[in-house]
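my_file04.pdb follows; it contains PDB, C-alpha atoms.
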ATOM      1  CA  THR T  18       6.657  23.890  -4.363
ATOM      2  CA  LYS T  19       9.250  25.924  -6.270
ATOM      3  CA  ALA T  20      11.473  22.846  -6.511
ATOM      4  CA  VAL T  21       9.016  20.844  -8.616
ATOM      5  CA  PRO T  22       9.775  22.418 -12.050
ATOM      6  CA  ALA T  23      13.507  21.946 -11.508
ATOM      7  CA  LEU T  24      13.029  18.338 -10.443
ATOM      8  CA  LEU T  25      10.813  17.638 -13.448
ATOM      9  CA  SER T  26      13.536  19.046 -15.670
ATOM     10  CA  MET T  27      16.054  16.735 -14.008
ATOM     11  CA  CYS T  28      13.867  13.770 -14.925
ATOM     12  CA  SER T  29      14.909  14.251 -18.543
ATOM     13  CA  GLY T  30      18.607  14.517 -17.728
ATOM     14  CA  PRO T  31      20.596  11.276 -17.978
ATOM     15  CA  GLY T  32      21.944  10.121 -14.653
ATOM     16  CA  PHE T  33      19.676  12.278 -12.504
ATOM     17  CA  GLU T  34      16.267  10.727 -13.120
ATOM     18  CA  SER T  35      16.093   8.395 -10.126
ATOM     19  CA  ALA T  36      17.221  11.018  -7.615
ATOM     20  CA  ALA T  37      14.747  13.535  -9.018
ATOM     21  CA  ILE T  38      11.899  11.016  -8.875
ATOM     22  CA  ARG T  39      12.660  10.169  -5.259
ATOM     23  CA  ALA T  40      12.524  13.867  -4.390
ATOM     24  CA  LEU T  41       9.202  14.255  -6.214
ATOM     25  CA  ARG T  42       7.878  11.266  -4.327
ATOM     26  CA  GLN T  43       8.641  13.021  -1.057
ATOM     27  CA  ILE T  44       7.039  16.284  -2.184
ATOM     28  CA  ARG T  45       3.953  14.448  -3.509
ATOM     29  CA  SER T  46       3.087  17.091  -6.066
ATOM     30  CA  PRO T  47       0.287  16.065  -8.508
ATOM     31  CA  GLN T  48       2.076  18.216 -11.056
ATOM     32  CA  ALA T  49       4.636  15.414 -11.411
ATOM     33  CA  LEU T  50       2.169  12.730 -12.529
ATOM     34  CA  PRO T  51       2.333  13.302 -16.314
ATOM     35  CA  THR T  52       6.130  13.116 -16.264
ATOM     36  CA  LEU T  53       6.104  10.054 -14.030
ATOM     37  CA  LYS T  54       3.678   8.260 -16.347
ATOM     38  CA  ASN T  55       5.998   8.916 -19.279
ATOM     39  CA  LEU T  56       8.915   7.474 -17.323
ATOM     40  CA  LEU T  57       7.138   4.123 -16.986
ATOM     41  CA  THR T  58       8.527   3.248 -20.425
ATOM     42  CA  HIS T  59      12.069   4.435 -19.667
ATOM     43  CA  GLU T  60      14.817   2.041 -20.730
ATOM     44  CA  ASN T  61      16.366   2.024 -17.245
ATOM     45  CA  VAL T  62      14.808  -0.425 -14.778
ATOM     46  CA  GLU T  63      15.592   1.705 -11.723
ATOM     47  CA  VAL T  64      13.945   4.746 -13.287
ATOM     48  CA  ARG T  65      10.788   2.768 -14.098
ATOM     49  CA  MET T  66      10.688   1.321 -10.593
ATOM     50  CA  GLU T  67      11.125   4.713  -8.931
ATOM     51  CA  ALA T  68       8.437   6.219 -11.173
ATOM     52  CA  VAL T  69       5.983   3.458 -10.236
ATOM     53  CA  LEU T  70       6.620   3.930  -6.518
ATOM     54  CA  ALA T  71       6.255   7.697  -6.803
ATOM     55  CA  ILE T  72       2.916   7.347  -8.583
ATOM     56  CA  GLY T  73       1.683   5.186  -5.715
ATOM     57  CA  GLU T  74       2.501   7.954  -3.248
ATOM     58  CA  ILE T  75       1.253  10.886  -5.312
ATOM     59  CA  ALA T  76      -1.888   9.592  -7.030
ATOM     60  CA  ARG T  77      -3.925   8.788  -3.906
ATOM     61  CA  GLY T  78      -7.586   8.407  -4.774
ATOM     62  CA  GLN T  79      -6.932   8.120  -8.513
ATOM     63  CA  PHE T  80      -6.961   5.240 -10.975
ATOM     64  CA  ILE T  81      -3.784   5.243 -13.070
ATOM     65  CA  PRO T  82      -4.274   2.800 -16.000
ATOM     66  CA  GLU T  83      -0.568   2.871 -16.812
ATOM     67  CA  LEU T  84       0.120   0.881 -13.638
ATOM     68  CA  ASN T  85      -1.643  -2.113 -15.177
ATOM     69  CA  LYS T  86       1.025  -2.106 -17.875
ATOM     70  CA  ALA T  87       3.724  -1.804 -15.215
ATOM     71  CA  LEU T  88       2.372  -4.998 -13.636
ATOM     72  CA  ASN T  89       3.462  -6.698 -16.861
ATOM     73  CA  ASP T  90       6.898  -5.080 -17.029
ATOM     74  CA  GLU T  91       9.770  -7.312 -18.118
ATOM     75  CA  SER T  92      11.528  -6.519 -14.824
ATOM     76  CA  ALA T  93      10.261  -8.289 -11.714
ATOM     77  CA  GLN T  94      11.482  -5.323  -9.649
ATOM     78  CA  VAL T  95       9.161  -3.024 -11.546
ATOM     79  CA  ARG T  96       6.303  -5.519 -11.288
ATOM     80  CA  ASP T  97       6.834  -5.715  -7.537
ATOM     81  CA  ALA T  98       6.825  -1.913  -7.212
ATOM     82  CA  ALA T  99       3.700  -1.699  -9.370
ATOM     83  CA  ALA T 100       1.902  -4.258  -7.213
ATOM     84  CA  LEU T 101       2.742  -2.256  -4.101
ATOM     85  CA  SER T 102       1.524   0.996  -5.665
ATOM     86  CA  CYS T 103      -1.711  -0.590  -6.866
ATOM     87  CA  GLY T 104      -2.398  -1.722  -3.321
ATOM     88  CA  ILE T 105      -1.790   1.766  -1.986
ATOM     89  CA  LEU T 106      -4.142   3.308  -4.551
ATOM     90  CA  GLY T 107      -6.738   0.629  -3.842
ATOM     91  CA  ASP T 108      -8.732   0.763  -7.075
ATOM     92  CA  PRO T 109     -10.572  -2.431  -8.184
ATOM     93  CA  GLY T 110      -9.477  -1.693 -11.745
ATOM     94  CA  TYR T 111      -6.102  -3.199 -10.891
ATOM     95  CA  LEU T 112      -7.510  -6.555  -9.759
ATOM     96  CA  PRO T 113      -7.381  -8.485 -13.086
ATOM     97  CA  ALA T 114      -3.714  -7.678 -13.721
ATOM     98  CA  LEU T 115      -2.839  -8.228 -10.052
ATOM     99  CA  SER T 116      -4.570 -11.607 -10.083
ATOM    100  CA  ALA T 117      -2.655 -12.658 -13.181
ATOM    101  CA  LEU T 118       0.626 -11.646 -11.541
ATOM    102  CA  ALA T 119      -0.209 -13.305  -8.207
ATOM    103  CA  ASN T 120      -1.076 -16.558  -9.965
ATOM    104  CA  GLY T 121       2.140 -16.603 -11.956
ATOM    105  CA  GLN T 122       0.388 -16.434 -15.307
ATOM    106  CA  ARG T 123       3.276 -14.639 -16.979
ATOM    107  CA  SER T 124       6.080 -16.203 -18.984
ATOM    108  CA  TYR T 125       8.971 -14.146 -17.621
ATOM    109  CA  ALA T 126      12.141 -15.978 -16.669
ATOM    110  CA  GLN T 127      12.439 -16.454 -12.928
ATOM    111  CA  ASP T 128      14.717 -14.122 -11.006
ATOM    112  CA  PRO T 129      15.146 -13.269  -7.306
ATOM    113  CA  TRP T 130      12.369 -10.652  -7.486
ATOM    114  CA  ALA T 131       9.751 -12.792  -9.232
ATOM    115  CA  ALA T 132       8.364 -14.509  -6.141
ATOM    116  CA  MET T 133       8.354 -11.195  -4.259
ATOM    117  CA  ALA T 134       6.348  -9.561  -7.053
ATOM    118  CA  GLU T 135       3.772 -12.346  -6.926
ATOM    119  CA  GLU T 136       3.521 -12.080  -3.139
ATOM    120  CA  SER T 137       3.111  -8.296  -3.331
ATOM    121  CA  ALA T 138       0.347  -8.756  -5.895
ATOM    122  CA  ALA T 139      -1.492 -11.177  -3.598
ATOM    123  CA  THR T 140      -1.192  -8.733  -0.692
ATOM    124  CA  SER T 141      -2.472  -5.846  -2.793
ATOM    125  CA  ILE T 142      -5.457  -7.896  -3.910
ATOM    126  CA  ARG T 143      -6.409  -8.393  -0.282
ATOM    127  CA  THR T 144      -5.872  -4.684   0.360
ATOM    128  CA  ILE T 145      -8.134  -3.622  -2.505
ATOM    129  CA  GLU T 146     -10.822  -6.093  -1.457
ATOM    130  CA  ALA T 147     -10.666  -4.712   2.088
ATOM    131  CA  TYR T 148     -10.977  -1.146   0.803
ATOM    132  CA  ALA T 149     -14.179  -2.137  -0.994
ATOM    133  CA  ARG T 150     -15.833  -3.254   2.251
ATOM    134  CA  LEU T 151     -14.484  -0.862   4.840
ATOM    135  CA  ASP T 152     -17.895  -0.031   6.279
ATOM    136  CA  SER T 153     -18.781  -3.685   6.823
ATOM    137  CA  LEU T 154     -15.354  -4.336   8.352
ATOM    138  CA  PHE T 155     -15.815  -1.448  10.766
ATOM    139  CA  ALA T 156     -19.257  -2.733  11.718
ATOM    140  CA  ALA T 157     -17.953  -6.256  12.298
ATOM    141  CA  LEU T 158     -14.958  -5.022  14.281
ATOM    142  CA  LEU T 159     -17.010  -2.896  16.651
ATOM    143  CA  ALA T 160     -20.351  -4.671  16.916
ATOM    144  CA  ASP T 161     -20.228  -8.340  15.888
ATOM    145  CA  PRO T 162     -20.956 -10.549  18.935
ATOM    146  CA  ASP T 163     -18.656 -13.271  17.591
ATOM    147  CA  PRO T 164     -15.021 -12.662  18.643
ATOM    148  CA  ALA T 165     -13.815 -14.624  15.614
ATOM    149  CA  LYS T 166     -15.596 -12.196  13.308
ATOM    150  CA  ARG T 167     -14.079  -9.226  15.131
ATOM    151  CA  GLN T 168     -10.652 -10.831  14.894
ATOM    152  CA  GLU T 169     -11.092 -11.399  11.164
ATOM    153  CA  ALA T 170     -12.128  -7.776  10.630
ATOM    154  CA  ALA T 171      -9.075  -6.508  12.528
ATOM    155  CA  SER T 172      -6.821  -8.779  10.455
ATOM    156  CA  ASP T 173      -8.294  -7.501   7.195
ATOM    157  CA  LEU T 174      -7.875  -3.877   8.284
ATOM    158  CA  ALA T 175      -4.151  -4.493   8.706
ATOM    159  CA  TYR T 176      -3.992  -4.476   4.908
ATOM    160  CA  VAL T 177      -5.593  -1.021   4.645
ATOM    161  CA  HIS T 178      -3.392   1.988   5.359
ATOM    162  CA  ASP T 179      -6.174   4.553   5.555
ATOM    163  CA  GLU T 180      -6.798   7.192   8.216
ATOM    164  CA  ARG T 181     -10.442   6.128   8.397
ATOM    165  CA  CYS T 182      -9.287   2.912  10.078
ATOM    166  CA  ILE T 183      -7.589   4.622  13.004
ATOM    167  CA  SER T 184     -10.640   5.390  15.147
ATOM    168  CA  PRO T 185     -12.283   1.937  14.819
ATOM    169  CA  LEU T 186      -8.976   0.196  15.484
ATOM    170  CA  ALA T 187      -8.351   2.418  18.494
ATOM    171  CA  MET T 188     -11.724   1.408  19.908
ATOM    172  CA  ALA T 189     -10.935  -2.231  19.177
ATOM    173  CA  MET T 190      -7.864  -1.876  21.385
ATOM    174  CA  GLU T 191     -10.361  -1.899  24.270
ATOM    175  CA  ASP T 192     -12.137  -5.065  23.082
ATOM    176  CA  GLN T 193     -12.798  -7.693  25.749
ATOM    177  CA  ASP T 194     -11.162 -10.317  23.513
ATOM    178  CA  ALA T 195      -7.356 -10.379  23.764
ATOM    179  CA  GLU T 196      -6.831 -11.552  20.178
ATOM    180  CA  VAL T 197      -8.968  -8.730  18.810
ATOM    181  CA  ARG T 198      -6.849  -6.272  20.757
ATOM    182  CA  GLU T 199      -3.642  -7.841  19.479
ATOM    183  CA  LYS T 200      -4.776  -7.775  15.852
ATOM    184  CA  ALA T 201      -5.950  -4.177  16.196
ATOM    185  CA  ALA T 202      -2.554  -3.222  17.629
ATOM    186  CA  PHE T 203      -0.805  -4.941  14.729
ATOM    187  CA  ALA T 204      -2.982  -3.080  12.210
ATOM    188  CA  LEU T 205      -2.224   0.280  13.828
ATOM    189  CA  ALA T 206       1.497  -0.537  13.957
ATOM    190  CA  LYS T 207       1.561  -1.079  10.190
ATOM    191  CA  MET T 208       0.238   2.423   9.488
ATOM    192  CA  THR T 209       2.547   5.401   8.979
ATOM    193  CA  ASP T 210       0.059   8.054  10.106
ATOM    194  CA  PRO T 211       1.204   9.706  13.386
ATOM    195  CA  ALA T 212      -2.378   9.492  14.644
ATOM    196  CA  ALA T 213      -2.214   5.714  14.312
ATOM    197  CA  PHE T 214       0.972   5.676  16.366
ATOM    198  CA  ASP T 215      -0.710   7.780  19.053
ATOM    199  CA  ALA T 216      -3.698   5.432  19.100
ATOM    200  CA  LEU T 217      -1.382   2.446  19.385
ATOM    201  CA  LEU T 218       0.490   3.954  22.324
ATOM    202  CA  ALA T 219      -2.758   4.819  24.069
ATOM    203  CA  GLY T 220      -3.991   1.265  23.600
ATOM    204  CA  LEU T 221      -0.751  -0.247  24.852
ATOM    205  CA  GLU T 222      -1.090   1.820  28.012
ATOM    206  CA  SER T 223      -4.451   0.196  28.679
ATOM    207  CA  PRO T 224      -4.762  -2.329  31.538
ATOM    208  CA  HIS T 225      -4.862  -5.274  29.090
ATOM    209  CA  PRO T 226      -1.527  -7.120  29.461
ATOM    210  CA  GLU T 227      -2.041  -9.283  26.364
ATOM    211  CA  CYS T 228      -2.165  -6.212  24.121
ATOM    212  CA  ALA T 229       1.044  -4.825  25.584
ATOM    213  CA  ASN T 230       2.869  -7.985  24.516
ATOM    214  CA  THR T 231       1.988  -7.604  20.827
TER     215      THR T 231
END

Kindly return the structure encoded in the file as structure tokens.
Amino acid sequence: TKAVPALLSMCSGPGFESAAIRALRQIRSPQALPTLKNLLTHENVEVRMEAVLAIGEIARGQFIPELNKALNDESAQVRDAAALSCGILGDPGYLPALSALANGQRSYAQDPWAAMAEESAATSIRTIEAYARLDSLFAALLADPDPAKRQEAASDLAYVHDERCISPLAMAMEDQDAEVREKAAFALAKMTDPAAFDALLAGLESPHPECANT
């Protein structure tokens, strides 16, 4: 959009960086990525954190090596944001650094955000692993004769915020097993896509009372 050049210019103006980054995050313009990568070394923690979060929203489908460095940032807030963004992007290239963060293999002093960063890293690891086996998860969810396997697949898909999951999860809302339906509803509820919300509502209107109580 026409606003992007002005916002990018604001990113170099002291005091306006964070607000400009948040606006760029909403616009999701790929044009902002080079500037956002440069801001990952900014002296201000809030600016680095906002830049990391914006990259996670804008760089869908891309591997951004700079995020691996952000996972080692001196600020636990930035590490937490980086872990979240790595999970959104879903690339296996983030797994080594995420594993190190999740296992607490860093020597940073503890602060209120440290445990949250480690937890976010663990969640993103599970997300990336689920991304790598989407097809097998879909197959298990829709065709495995073992309800426990279908339940497990629905649980794993709750970590993947991808539009490809909507149709299989919507079909799982009609599963004969109540727990499968409940886990499928939970997975759909975690997604921000309007289509997921529509699928959730349709499933909740089904004649299965257990699913409506999710």

Go ahead and fit an axis-aligned box to every listed atom of region 106-116 of chain T plus 5 Å each side, and pass me the centre and edge lengths in Å, one decimal, as lines of an AutoDock Vina configuration file.
center_x = -6.7
center_y = -4.1
center_z = -8.8
size_x = 17.7
size_y = 24.9
size_z = 19.9

So that I can check the surroundings of region 51-53 of chain T, please list as a PyMOL selection string every protein, DNA and RNA residue that reaches within 12 Å of it, counting all atoms listed in the file and ignoring chain neighbours fewer than 2 positions away. chain T and resi 21-22+24-29+34-35+37-39+41-42+45-49+55-59+64-76+81+83-84

Just want the 6 Å neighbourhood of region 126-141 of chain T, counted on all atoms listed in the file, with same-chain residues fewer than 3 positions away dropped. Output as a list in words.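 Residues meeting the cut-off are Ala93, Gln94, Arg96, Asp97, Ala100, Gly104, Leu115, Leu118, Ala119 and Thr144 of chain T.
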
For CA of Ile145 (chain T) and CA of Leu217 (chain T), determine how far apart the two atoms are, in Å to one decimal place. 23.7 Å

Using all atoms listed in the file, determine which residues lie at most 12 Å from region 186-197 of chain T, disregarding the query and same-chain residues fewer than 3 positions distant; provide the list as a VMD selection string. chain T and resid 154 to 175 177 to 183 200 to 208 212 to 231

Computed interatomic separation between CA of Ile44 (chain T) and CA of Ala20 (chain T) (Å): 9.0 Å

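Pairwise distance (CA of Ala147 (chain T), CA of Asp210 (chain T)) equals 18.5 Å.
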